[in-house]
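Data block below; observations after.
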Amino acid sequence: MEERLEKRTEKKQILLIDMYGVIIKESKGYFIPYTFEHFDKKEHDRLIKAFREDCLFTKAGNGHLSSDEFLSLLGYPNPTETMRDYLKNYLNFDNDFVQFAEHNYKQYDFVLLSNDVREWSRYLLELHGIQKYFKRCIVSGEIHMRKPESRIFDYTIGHIQCSPQECILVDNSVQNLNAAQNAGINAVLFNRDHEAYAGNVVNNFQELDSILKKLM
């Protein structure tokens, strides 16, 4: 995931797609409830400190801890198996993404733009067999920056070697979309959480397919 894109010879619009809340139905994941369910109640105060004060989840999502380091610090005895169990059995993949991707990935350059633990992002792509659709994957745990920081959008534009106007961000967070628009990127809210938003809004991949034709 560290290589640069090959020089773009054919100008296509670039579709920047979020993972959680778009491809994965859970907009905020489910990992914190998952953890409290898997430890005895007497461990909960320790876990609250680990999440709130020690910010272990944030550190993992920013690439300062590997998945195994993060899960071991939480007290999981088999961190790799825990990662697989959580991602495979506690998150719901939106199967409509595959049909959407098949219809559009040759017309657009798909780029994953996600806040995630790097190993988790790689596993989800492979688990659902969708890595083939993406020209590039830009993940907070790989690059040590995250949405809605303005610098991640500057990084994305520079890394892909394009102009902001060539990009459309599809995300479930209004805060992320506003930051992208400030960088000159077009934005579409994938509205899993029923948020108010003055811009382009879709509720599913069929609606996204339709609205993209209007934005071209």
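For the structure tokens, the naming scheme is as follows: chains receive sequential letters (A, B, ...) according to their order of presentation, residues are indexed from 1 within each chain, and ligands are indexed from 1 in presentation order.
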Considering only C-alpha atoms, tabulate each residue of range 13-125 of chain A that lies at most 9 Å from range 131-143 of chain A along with its nearest interatomic pair and the corresponding distance in Å to one decimal; arrange the rows by chain and ascending residue number and present them as a tab-separated table.
residue	atom	partner	partner_atom	distance
A:Lys59	CA	A:Gly141	CA	8.6
A:Ala60	CA	A:Gly141	CA	6.7
A:Gly61	CA	A:Gly141	CA	4.9
A:Asn62	CA	A:Gly141	CA	4.5
A:Gly63	CA	A:Gly141	CA	3.8
A:His64	CA	A:Gly141	CA	7.6
A:Leu65	CA	A:Gly141	CA	8.6
A:Ser66	CA	A:Gly141	CA	8.5
A:Ala101	CA	A:Tyr133	CA	6.7
A:Glu102	CA	A:Tyr133	CA	8.0
A:Tyr105	CA	A:Tyr133	CA	6.0
A:Lys106	CA	A:Tyr133	CA	8.6
A:Asp109	CA	A:Lys135	CA	6.2
A:Phe110	CA	A:Phe134	CA	4.8
A:Val111	CA	A:Arg136	CA	4.9
A:Leu112	CA	A:Cys137	CA	4.6
A:Leu113	CA	A:Ile138	CA	5.0
A:Ser114	CA	A:Val139	CA	4.9
A:Asn115	CA	A:Ser140	CA	4.8
A:Asp116	CA	A:Ser140	CA	5.8
A:Val117	CA	A:Gly141	CA	4.9
A:Arg118	CA	A:Gly141	CA	4.6
A:Glu119	CA	A:Gly141	CA	8.2
A:Ser121	CA	A:Val139	CA	7.4
A:Arg122	CA	A:Gln131	CA	8.4
A:Leu124	CA	A:Gln131	CA	8.9
A:Leu125	CA	A:Gln131	CA	5.1
Picked from chain A by DSSP as alpha helix (DSSP H), as a compact mmCIF listing (two decimals) with N, CA and C atoms, in the first residue's frame:
# COMPACT_ATOMS: atom_id res chain seq x y z
N PHE A 31 -16.36 -1.70 17.71
CA PHE A 31 -15.29 -2.35 18.46
C PHE A 31 -15.35 -2.08 19.96
N ILE A 32 -15.71 -0.88 20.38
CA ILE A 32 -15.75 -0.61 21.83
C ILE A 32 -16.82 -1.44 22.52
N PRO A 33 -18.06 -1.49 22.01
CA PRO A 33 -19.04 -2.42 22.61
C PRO A 33 -18.57 -3.87 22.56
N TYR A 34 -17.94 -4.25 21.44
CA TYR A 34 -17.40 -5.61 21.31
C TYR A 34 -16.44 -5.91 22.46
N THR A 35 -15.57 -4.98 22.78
CA THR A 35 -14.58 -5.20 23.83
C THR A 35 -15.23 -5.33 25.20
N PHE A 36 -16.18 -4.46 25.48
CA PHE A 36 -16.85 -4.56 26.78
C PHE A 36 -17.64 -5.86 26.91
N GLU A 37 -18.14 -6.37 25.80
CA GLU A 37 -18.85 -7.64 25.83
C GLU A 37 -17.91 -8.82 26.09
N HIS A 38 -16.64 -8.67 25.73
CA HIS A 38 -15.70 -9.79 25.80
C HIS A 38 -14.83 -9.80 27.06
N HIS A 44 -13.95 -3.40 33.31
CA HIS A 44 -14.48 -2.28 32.54
C HIS A 44 -13.84 -0.94 32.88
N ASP A 45 -13.53 -0.70 34.15
CA ASP A 45 -12.86 0.57 34.50
C ASP A 45 -11.50 0.66 33.82
N ARG A 46 -10.80 -0.45 33.79
CA ARG A 46 -9.49 -0.46 33.11
C ARG A 46 -9.66 -0.18 31.63
N LEU A 47 -10.67 -0.75 31.03
CA LEU A 47 -10.90 -0.55 29.60
C LEU A 47 -11.32 0.89 29.29
N ILE A 48 -12.13 1.46 30.16
CA ILE A 48 -12.53 2.86 29.98
C ILE A 48 -11.30 3.76 29.98
N LYS A 49 -10.37 3.51 30.89
CA LYS A 49 -9.14 4.29 30.94
C LYS A 49 -8.33 4.08 29.66
N ALA A 50 -8.27 2.83 29.19
CA ALA A 50 -7.50 2.53 27.99
C ALA A 50 -8.04 3.28 26.77
N PHE A 51 -9.36 3.40 26.67
CA PHE A 51 -9.97 4.07 25.53
C PHE A 51 -9.97 5.59 25.70
N ARG A 52 -10.35 6.07 26.89
CA ARG A 52 -10.56 7.51 27.08
C ARG A 52 -9.28 8.27 27.43
N LEU A 56 -5.89 4.46 23.30
CA LEU A 56 -5.24 3.37 22.56
C LEU A 56 -5.86 3.17 21.18
N PHE A 57 -7.17 3.30 21.07
CA PHE A 57 -7.84 3.11 19.79
C PHE A 57 -7.39 4.19 18.81
N THR A 58 -7.32 5.43 19.28
CA THR A 58 -6.87 6.53 18.43
C THR A 58 -5.43 6.32 17.99
N LYS A 59 -4.59 5.87 18.90
CA LYS A 59 -3.19 5.63 18.56
C LYS A 59 -3.06 4.54 17.49
N ALA A 60 -3.88 3.49 17.61
CA ALA A 60 -3.85 2.43 16.60
C ALA A 60 -4.36 2.96 15.26
N GLY A 61 -5.43 3.75 15.30
CA GLY A 61 -5.98 4.31 14.08
C GLY A 61 -5.08 5.32 13.41
N SER A 67 -2.03 -3.40 15.09
CA SER A 67 -3.23 -4.06 15.60
C SER A 67 -2.89 -5.01 16.75
N ASP A 68 -1.85 -5.82 16.58
CA ASP A 68 -1.48 -6.77 17.63
C ASP A 68 -1.07 -6.04 18.91
N GLU A 69 -0.32 -4.95 18.79
CA GLU A 69 0.09 -4.18 19.97
C GLU A 69 -1.13 -3.60 20.68
N PHE A 70 -2.03 -3.02 19.91
CA PHE A 70 -3.24 -2.41 20.45
C PHE A 70 -4.09 -3.43 21.19
N LEU A 71 -4.36 -4.54 20.55
CA LEU A 71 -5.24 -5.55 21.15
C LEU A 71 -4.57 -6.23 22.36
N SER A 72 -3.27 -6.39 22.30
CA SER A 72 -2.56 -6.97 23.45
C SER A 72 -2.63 -6.03 24.65
N LEU A 73 -2.49 -4.73 24.41
CA LEU A 73 -2.57 -3.76 25.51
C LEU A 73 -3.96 -3.73 26.14
N LEU A 74 -4.97 -4.03 25.34
CA LEU A 74 -6.33 -4.12 25.89
C LEU A 74 -6.53 -5.39 26.71
N PRO A 79 -4.43 -11.65 19.82
CA PRO A 79 -4.85 -10.44 19.11
C PRO A 79 -5.19 -10.64 17.64
N THR A 80 -4.47 -11.49 16.94
CA THR A 80 -4.77 -11.71 15.52
C THR A 80 -6.12 -12.36 15.35
N GLU A 81 -6.42 -13.34 16.18
CA GLU A 81 -7.72 -14.00 16.11
C GLU A 81 -8.85 -13.06 16.51
N THR A 82 -8.57 -12.18 17.48
CA THR A 82 -9.56 -11.18 17.88
C THR A 82 -9.88 -10.24 16.73
N MET A 83 -8.85 -9.77 16.04
CA MET A 83 -9.06 -8.90 14.89
C MET A 83 -9.96 -9.58 13.87
N ARG A 84 -9.65 -10.82 13.55
CA ARG A 84 -10.42 -11.54 12.54
C ARG A 84 -11.85 -11.76 12.99
N ASP A 85 -12.04 -12.13 14.24
CA ASP A 85 -13.39 -12.37 14.76
C ASP A 85 -14.22 -11.09 14.69
N TYR A 86 -13.66 -9.98 15.13
CA TYR A 86 -14.40 -8.72 15.13
C TYR A 86 -14.77 -8.28 13.72
N LEU A 87 -13.79 -8.26 12.84
CA LEU A 87 -14.03 -7.74 11.50
C LEU A 87 -14.92 -8.66 10.67
N LYS A 88 -14.83 -9.94 10.91
CA LYS A 88 -15.61 -10.89 10.12
C LYS A 88 -17.03 -11.07 10.65
N ASN A 89 -17.20 -11.05 11.96
CA ASN A 89 -18.46 -11.45 12.56
C ASN A 89 -19.28 -10.33 13.19
N ASP A 96 -24.36 -4.31 -1.79
CA ASP A 96 -24.67 -3.49 -2.96
C ASP A 96 -23.43 -2.76 -3.47
N PHE A 97 -22.40 -2.66 -2.63
CA PHE A 97 -21.17 -2.01 -3.09
C PHE A 97 -20.57 -2.74 -4.28
N VAL A 98 -20.64 -4.06 -4.29
CA VAL A 98 -20.01 -4.84 -5.36
C VAL A 98 -20.65 -4.51 -6.70
N GLN A 99 -21.97 -4.48 -6.75
CA GLN A 99 -22.65 -4.15 -8.00
C GLN A 99 -22.33 -2.72 -8.42
N PHE A 100 -22.31 -1.81 -7.46
CA PHE A 100 -21.95 -0.43 -7.76
C PHE A 100 -20.53 -0.34 -8.32
N ALA A 101 -19.61 -1.04 -7.68
CA ALA A 101 -18.22 -1.02 -8.13
C ALA A 101 -18.06 -1.61 -9.51
N GLU A 102 -18.72 -2.71 -9.77
CA GLU A 102 -18.64 -3.33 -11.09
C GLU A 102 -19.12 -2.38 -12.19
N HIS A 103 -20.12 -1.58 -11.87
CA HIS A 103 -20.67 -0.65 -12.86
C HIS A 103 -19.79 0.59 -13.06
N ASN A 104 -18.95 0.91 -12.06
CA ASN A 104 -18.30 2.22 -12.07
C ASN A 104 -16.78 2.25 -11.98
N ARG A 118 -4.31 0.06 10.24
CA ARG A 118 -3.86 -0.37 8.91
C ARG A 118 -4.13 -1.84 8.64
N GLU A 119 -3.88 -2.70 9.62
CA GLU A 119 -4.09 -4.13 9.42
C GLU A 119 -5.59 -4.45 9.25
N TRP A 120 -6.44 -3.69 9.91
CA TRP A 120 -7.87 -3.91 9.79
C TRP A 120 -8.36 -3.57 8.39
N SER A 121 -7.87 -2.47 7.87
CA SER A 121 -8.28 -2.06 6.52
C SER A 121 -7.87 -3.10 5.49
N ARG A 122 -6.65 -3.58 5.60
CA ARG A 122 -6.17 -4.61 4.65
C ARG A 122 -7.02 -5.87 4.76
N TYR A 123 -7.33 -6.27 5.99
CA TYR A 123 -8.11 -7.50 6.18
C TYR A 123 -9.51 -7.35 5.60
N LEU A 124 -10.16 -6.22 5.82
CA LEU A 124 -11.52 -6.01 5.31
C LEU A 124 -11.54 -6.05 3.78
N LEU A 125 -10.56 -5.44 3.15
CA LEU A 125 -10.50 -5.45 1.69
C LEU A 125 -10.37 -6.87 1.16
N GLU A 126 -9.50 -7.66 1.80
CA GLU A 126 -9.29 -9.03 1.36
C GLU A 126 -10.48 -9.92 1.72
N LEU A 127 -11.04 -9.72 2.92
CA LEU A 127 -12.18 -10.53 3.36
C LEU A 127 -13.34 -10.45 2.38
N SER A 140 -5.60 6.05 7.49
CA SER A 140 -4.97 6.85 8.55
C SER A 140 -3.86 6.08 9.25
N GLY A 141 -4.05 4.80 9.46
CA GLY A 141 -3.04 4.00 10.13
C GLY A 141 -1.77 3.80 9.33
N GLU A 142 -1.83 4.09 8.03
CA GLU A 142 -0.65 4.01 7.17
C GLU A 142 0.11 5.34 7.12
N ILE A 143 -0.64 6.45 7.14
CA ILE A 143 -0.02 7.75 6.83
C ILE A 143 0.02 8.70 8.03
N SER A 150 -7.30 18.82 7.57
CA SER A 150 -7.14 19.35 6.20
C SER A 150 -5.94 18.73 5.50
N ARG A 151 -4.91 18.36 6.26
CA ARG A 151 -3.68 17.87 5.63
C ARG A 151 -3.88 16.52 4.95
N ILE A 152 -4.86 15.73 5.39
CA ILE A 152 -5.06 14.44 4.73
C ILE A 152 -5.61 14.65 3.32
N PHE A 153 -6.38 15.69 3.12
CA PHE A 153 -6.90 15.97 1.79
C PHE A 153 -5.80 16.56 0.90
N ASP A 154 -4.95 17.39 1.49
CA ASP A 154 -3.79 17.88 0.73
C ASP A 154 -2.89 16.72 0.34
N TYR A 155 -2.66 15.81 1.27
CA TYR A 155 -1.84 14.63 0.99
C TYR A 155 -2.46 13.81 -0.14
N THR A 156 -3.76 13.59 -0.06
CA THR A 156 -4.44 12.76 -1.06
C THR A 156 -4.29 13.36 -2.45
N ILE A 157 -4.54 14.65 -2.57
CA ILE A 157 -4.43 15.32 -3.87
C ILE A 157 -3.00 15.22 -4.40
N GLY A 158 -2.01 15.46 -3.54
CA GLY A 158 -0.63 15.38 -3.97
C GLY A 158 -0.20 13.97 -4.33
N HIS A 159 -0.68 13.02 -3.58
CA HIS A 159 -0.27 11.63 -3.79
C HIS A 159 -0.85 11.06 -5.07
N ILE A 160 -2.10 11.42 -5.34
CA ILE A 160 -2.75 10.92 -6.54
C ILE A 160 -2.32 11.72 -7.78
N VAL A 174 -20.56 14.46 7.98
CA VAL A 174 -20.67 15.83 7.49
C VAL A 174 -19.39 16.61 7.78
N GLN A 175 -18.78 16.36 8.93
CA GLN A 175 -17.54 17.04 9.28
C GLN A 175 -16.44 16.73 8.27
N ASN A 176 -16.33 15.48 7.87
CA ASN A 176 -15.33 15.10 6.86
C ASN A 176 -15.63 15.75 5.51
N LEU A 177 -16.91 15.78 5.15
CA LEU A 177 -17.29 16.36 3.86
C LEU A 177 -17.03 17.86 3.83
N ASN A 178 -17.32 18.54 4.93
CA ASN A 178 -17.05 19.98 4.98
C ASN A 178 -15.57 20.27 4.83
N ALA A 179 -14.74 19.47 5.47
CA ALA A 179 -13.29 19.65 5.35
C ALA A 179 -12.82 19.40 3.92
N ALA A 180 -13.39 18.38 3.28
CA ALA A 180 -13.04 18.09 1.89
C ALA A 180 -13.45 19.23 0.97
N GLN A 181 -14.64 19.78 1.18
CA GLN A 181 -15.10 20.89 0.35
C GLN A 181 -14.22 22.12 0.53
N ASN A 182 -13.73 22.33 1.75
CA ASN A 182 -12.80 23.45 1.98
C ASN A 182 -11.52 23.28 1.19
N PHE A 205 -26.36 2.73 -2.49
CA PHE A 205 -25.48 2.75 -3.66
C PHE A 205 -26.25 2.98 -4.96
N GLN A 206 -27.50 2.63 -4.99
CA GLN A 206 -28.29 2.91 -6.19
C GLN A 206 -28.45 4.42 -6.37
N GLU A 207 -28.73 5.13 -5.28
CA GLU A 207 -28.83 6.58 -5.35
C GLU A 207 -27.49 7.22 -5.66
N LEU A 208 -26.41 6.65 -5.14
CA LEU A 208 -25.08 7.17 -5.44
C LEU A 208 -24.78 7.03 -6.94
N ASP A 209 -25.14 5.89 -7.50
CA ASP A 209 -24.95 5.67 -8.93
C ASP A 209 -25.65 6.76 -9.74
N SER A 210 -26.87 7.11 -9.35
CA SER A 210 -27.65 8.11 -10.07
C SER A 210 -27.07 9.50 -9.93
N ILE A 211 -26.65 9.86 -8.71
CA ILE A 211 -26.19 11.22 -8.50
C ILE A 211 -24.83 11.47 -9.15
N LEU A 212 -24.03 10.42 -9.28
CA LEU A 212 -22.72 10.59 -9.91
C LEU A 212 -22.88 11.00 -11.37
N LYS A 213 -23.89 10.51 -12.02
CA LYS A 213 -24.13 10.90 -13.42
C LYS A 213 -24.41 12.39 -13.53
N LYS A 214 -25.04 12.97 -12.52
CA LYS A 214 -25.35 14.41 -12.53
C LYS A 214 -24.11 15.24 -12.20
N LEU A 215 -23.17 14.66 -11.46
CA LEU A 215 -21.98 15.39 -11.05
C LEU A 215 -20.87 15.36 -12.08
key: Backbone-only DSSP, strand (DSSP E or B) members of range 157-193 of chain A, as a list of chain:residue names   =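 Result set for range 157-193 of chain A (strand (DSSP E or B)): A:Cys167, A:Ile168, A:Leu169, A:Val170, A:Asp171, A:Asn186, A:Ala187, A:Val188, A:Leu189, A:Phe190.
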